[in-house]
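Data first, discussion second: the structure below is written as structure tokens.
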Amino acid sequence: MEPPPLLLTLLLLLLLSSTTLSAKTTTTPSLPPTPPPTHSPTPTAPSSSSSSSSSLDPKQVRALQSLNIPTSKDPCTQLHSNTTLCDAAKPFRHLLSLTLANCSDDVALSFTALKSLSTLQSLHFLNCPISPIRLPSDLVSSLRSFSAVSSLRRLTGVWLGRLQNLTDLTVSNVQVNATGPFVILGNLKKLRSVTISHANLTGYVPKHLNLNLTQIDFSGNKLEGRIPSSITLLENLQSLNLSSNTLNGEIPTSFGDLISLTNVSLASNSLSGPIPESISAIPGLVHLDLSSNQLNGSIPKFLSDMKSLKHLNLANNNFRGVIPFNVSFISKLAVFKISRNSNLCYNHSVLSSKLKLGIAPCDKHGLPMSPPPAKQDSSADDSSDSDYDDSDEDSSNQSGHHHGPNKVVLGVAIALSSIVFLIIFLILCSKWCG
């Protein structure tokens, strides 16, 4: 006897629906997220001012033309690779700021052109290796901000010292011929921010600096001697970078009097002695880099109590003893480097070796058990910004995603099993009904 048609129909519908469902759930891949744009949208020129606005002073237009700056349209309202900023004077506007970037070798700043630009308050050179220039006295008096980055080939301390009304001075990757920073800064009484970096500058850190300074960067020079204790009188100072010089002696014990500091780098010098306890009194310190010196003694525990600290680099010194930090403090830091301190060790009952600190664990006497592995030190200190490394955990989590059967294979297996089961069931039903 044949199976009832209704039963066969229901079984076939069940077979088709299960097969279709498994195919949809297993063979249709999920769409990846749409990648973000790989480039920024093209900037649009600022809208022109009303028809009653004035145009740029014709003398200054000619000065810009001598610098190969396009002037077919009003430089005050059009975007240029050489940035300009103008006032709103009438009948003619005047330049307040000019940035010359990526200059060609044939650009020459004539004295006449510069005299026409005496209204400038900001003058900036970026990648402009042009010949040294002579600034008219009117322009010298007008300037408030001056920068030369990889530009002007060479400068002298006397030339820079003439810019007496500056509040901001930046000179980087430019040869500066001066017997010391004081030759430059002695007459700049209004200065608030100074950067003279990678300029082959010799001499000493000045003992007398403008008390209004908020930023000092003398990095990458040949300054020598001690850090003067008088520098701690700069209570408005927020950023101090004296890295990559040949400074020696101890860090001033009154360093903590710089209560406005947020960023400090004294790295790559020959400083010795301990870390001053007074640093604990700097409430907003975020970045502290004392690496590659000859600092010694134990690492003070107060560092772990500094709430704002995010970057701590003490690598390549002569610190000794047990580091006084726990995993909670280390994990909150964006950068933590402590390697290449051969007499320093960590308590392995407090800190895990997975942190890859680049130093050895301590024995029962608080001494390093063995030198840290070279490979671990390299990966911790040179290959990443932070010694706190959870790559092991990440890799184990990632590898976990690849375990187990593939979803497509699983779906096909379920469908085939259903078909076999139904065939067997139909055969049995036909025998029973027969």
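Chain labels run A, B, ... following the order of the structure tokens; each chain numbers its residues from 1, and ligands are numbered from 1 in the order shown.
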Q) Among segment 62-240 of chain A, which ones does DSSP place in strand (DSSP E or B), written as an MDAnalysis selection string? A) chainID A and resid 84:86 92:93 95:101 122:126 145:149 154:156 168:172 175:177 193:197 202:204 215:217 222:225 239:240
Listing only residues of segment 132-168 of chain A within 10 Å of segment 197-209 of chain A, what is the closest atom pair and its distance in Å (to one decimal) for each, using only C-alpha atoms, sorted by chain and residue number ascending, as CSV?
residue,atom,partner,partner_atom,distance
A:Val149,CA,A:Ser197,CA,9.6
A:Ser150,CA,A:Ala199,CA,9.8
A:Arg154,CA,A:Ala199,CA,9.1
A:Leu155,CA,A:Ala199,CA,9.3
A:Gly157,CA,A:Leu201,CA,9.5
Q. Hey, can you check how far atom CA of Asn263 of chain A sits from atom CA of Asn341 of chain A?
A. 23.1 Å
**Q.** Distance query Leu213 of chain A at most 7 Å, only C-alpha atoms, self and fewer than 6 positions along chain excluded, as a list of chain:residue names
**A.**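 My list of contacting residues is A:Leu191, A:Arg192, A:Ser193, A:Leu234, A:Asn236, A:Leu237.
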Given the selection you just returned, output its residues as a file containing N, CA, C and O atoms, formatted as an mmCIF file, in the first residue's frame.
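Resulting contents of out_38.cif:
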data_model
loop_
_atom_site.group_PDB
_atom_site.id
_atom_site.type_symbol
_atom_site.label_atom_id
_atom_site.label_comp_id
_atom_site.auth_asym_id
_atom_site.auth_seq_id
_atom_site.Cartn_x
_atom_site.Cartn_y
_atom_site.Cartn_z
ATOM 1 N N LEU A 191 58.688 87.451 25.176
ATOM 2 C CA LEU A 191 58.575 86.084 24.679
ATOM 3 C C LEU A 191 57.805 85.189 25.654
ATOM 4 O O LEU A 191 58.022 85.236 26.867
ATOM 5 N N ARG A 192 56.891 84.392 25.101
ATOM 6 C CA ARG A 192 56.119 83.435 25.901
ATOM 7 C C ARG A 192 56.384 81.984 25.491
ATOM 8 O O ARG A 192 56.227 81.078 26.290
ATOM 9 N N SER A 193 56.771 81.785 24.245
ATOM 10 C CA SER A 193 57.043 80.434 23.759
ATOM 11 C C SER A 193 58.294 80.461 22.894
ATOM 12 O O SER A 193 58.384 81.261 21.957
ATOM 13 N N LEU A 234 60.076 79.808 36.940
ATOM 14 C CA LEU A 234 59.123 80.018 35.839
ATOM 15 C C LEU A 234 57.804 79.322 36.170
ATOM 16 O O LEU A 234 57.475 78.273 35.641
ATOM 17 N N ASN A 236 54.868 79.845 35.347
ATOM 18 C CA ASN A 236 53.897 79.716 34.259
ATOM 19 C C ASN A 236 54.304 78.671 33.220
ATOM 20 O O ASN A 236 53.551 78.413 32.274
ATOM 21 N N LEU A 237 55.473 78.081 33.393
ATOM 22 C CA LEU A 237 56.002 77.150 32.399
ATOM 23 C C LEU A 237 55.156 75.877 32.352
ATOM 24 O O LEU A 237 54.941 75.220 33.374
#
Q. Could you name the residues that touch Ala178 of chain A at 8 Å or less, counting only C-alpha atoms, but leaving out those on the same chain fewer than 2 positions away, as number ranges by chain?
A. A: 156-158, 176, 180-181, 183-184, 201-202
Got time to write the residues from that selection, N, CA, C and O atoms, as an mmCIF file, in the first residue's frame?
data_model
loop_
_atom_site.group_PDB
_atom_site.id
_atom_site.type_symbol
_atom_site.label_atom_id
_atom_site.label_comp_id
_atom_site.auth_asym_id
_atom_site.auth_seq_id
_atom_site.Cartn_x
_atom_site.Cartn_y
_atom_site.Cartn_z
ATOM 1 N N THR A 156 71.849 83.690 12.759
ATOM 2 C CA THR A 156 72.762 84.045 13.850
ATOM 3 C C THR A 156 71.948 84.461 15.066
ATOM 4 O O THR A 156 70.794 84.887 14.960
ATOM 5 N N GLY A 157 72.573 84.344 16.227
ATOM 6 C CA GLY A 157 71.903 84.753 17.447
ATOM 7 C C GLY A 157 71.605 86.232 17.468
ATOM 8 O O GLY A 157 70.563 86.663 17.968
ATOM 9 N N VAL A 158 72.499 87.014 16.918
ATOM 10 C CA VAL A 158 72.288 88.472 16.880
ATOM 11 C C VAL A 158 71.090 88.806 16.007
ATOM 12 O O VAL A 158 70.266 89.668 16.353
ATOM 13 N N VAL A 176 72.111 77.600 13.723
ATOM 14 C CA VAL A 176 72.120 78.887 14.419
ATOM 15 C C VAL A 176 73.507 79.112 15.014
ATOM 16 O O VAL A 176 73.968 78.324 15.851
ATOM 17 N N GLY A 180 75.297 80.852 22.762
ATOM 18 C CA GLY A 180 74.378 80.326 23.753
ATOM 19 C C GLY A 180 72.993 80.906 23.550
ATOM 20 O O GLY A 180 72.821 81.919 22.856
ATOM 21 N N PRO A 181 71.977 80.299 24.171
ATOM 22 C CA PRO A 181 70.613 80.806 24.007
ATOM 23 C C PRO A 181 70.427 82.226 24.521
ATOM 24 O O PRO A 181 69.569 82.957 24.014
ATOM 25 N N VAL A 183 72.190 84.825 24.142
ATOM 26 C CA VAL A 183 72.447 85.829 23.104
ATOM 27 C C VAL A 183 71.170 86.125 22.329
ATOM 28 O O VAL A 183 70.918 87.264 21.916
ATOM 29 N N ILE A 184 70.349 85.103 22.159
ATOM 30 C CA ILE A 184 69.091 85.259 21.428
ATOM 31 C C ILE A 184 68.006 85.813 22.330
ATOM 32 O O ILE A 184 67.264 86.744 21.967
ATOM 33 N N LEU A 201 73.050 74.466 18.522
ATOM 34 C CA LEU A 201 73.257 75.556 19.470
ATOM 35 C C LEU A 201 74.169 75.091 20.606
ATOM 36 O O LEU A 201 73.975 74.019 21.185
ATOM 37 N N THR A 202 75.164 75.887 20.927
ATOM 38 C CA THR A 202 76.113 75.564 21.994
ATOM 39 C C THR A 202 75.873 76.474 23.195
ATOM 40 O O THR A 202 75.028 77.367 23.169
#
Q) Restricting the calculation to only C-alpha atoms, which member of A:Ser353, A:Ser298, A:Ser278, A:Ser268 is positioned closest to Phe255 of chain A? A)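 Using only C-alpha atoms, Phe255 of chain A sits closest to A:Ser278.
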**Q.** Closest of A:Ser147, A:Gln294, A:Thr119, A:Asn221 to Asn177 of chain A - atom-to-atom distances counting only C-alpha atoms
**A.** A:Asn221
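Atom CA of Leu152 of chain A is positioned 4.9 Å from atom CA of Ile130 of chain A.
Running DSSP on the backbone and keeping only alpha helix (DSSP H), the residues of segment 137-213 of chain A that qualify are Ser137, Asp138, Leu139, Val140, Ser141, Ser142, Gly157, Val158, Trp159, Leu160, Gly161, Pro181, Phe182, Val183, Ile184 and Leu185 of chain A.
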Q) Could you state the separation of atom CA of Gly220 of chain A and atom CA of Leu240 of chain A in Å, given to one decimal place? A) 13.1 Å
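Distances from A:Ser229, A:Gln175, A:Ser328, A:Thr112 to Gly249 of chain A were compared using only C-alpha atoms, and the smallest one belongs to A:Ser229.
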Q: Compile the contact shell of segment 241-244 of chain A as a VMD selection string: residues with an atom at most 10 Å away, counting only C-alpha atoms, same-chain residues fewer than 3 positions apart removed.
A: chain A and resid 195 197 to 198 205 215 to 223 227 247 263 to 270 289 to 292
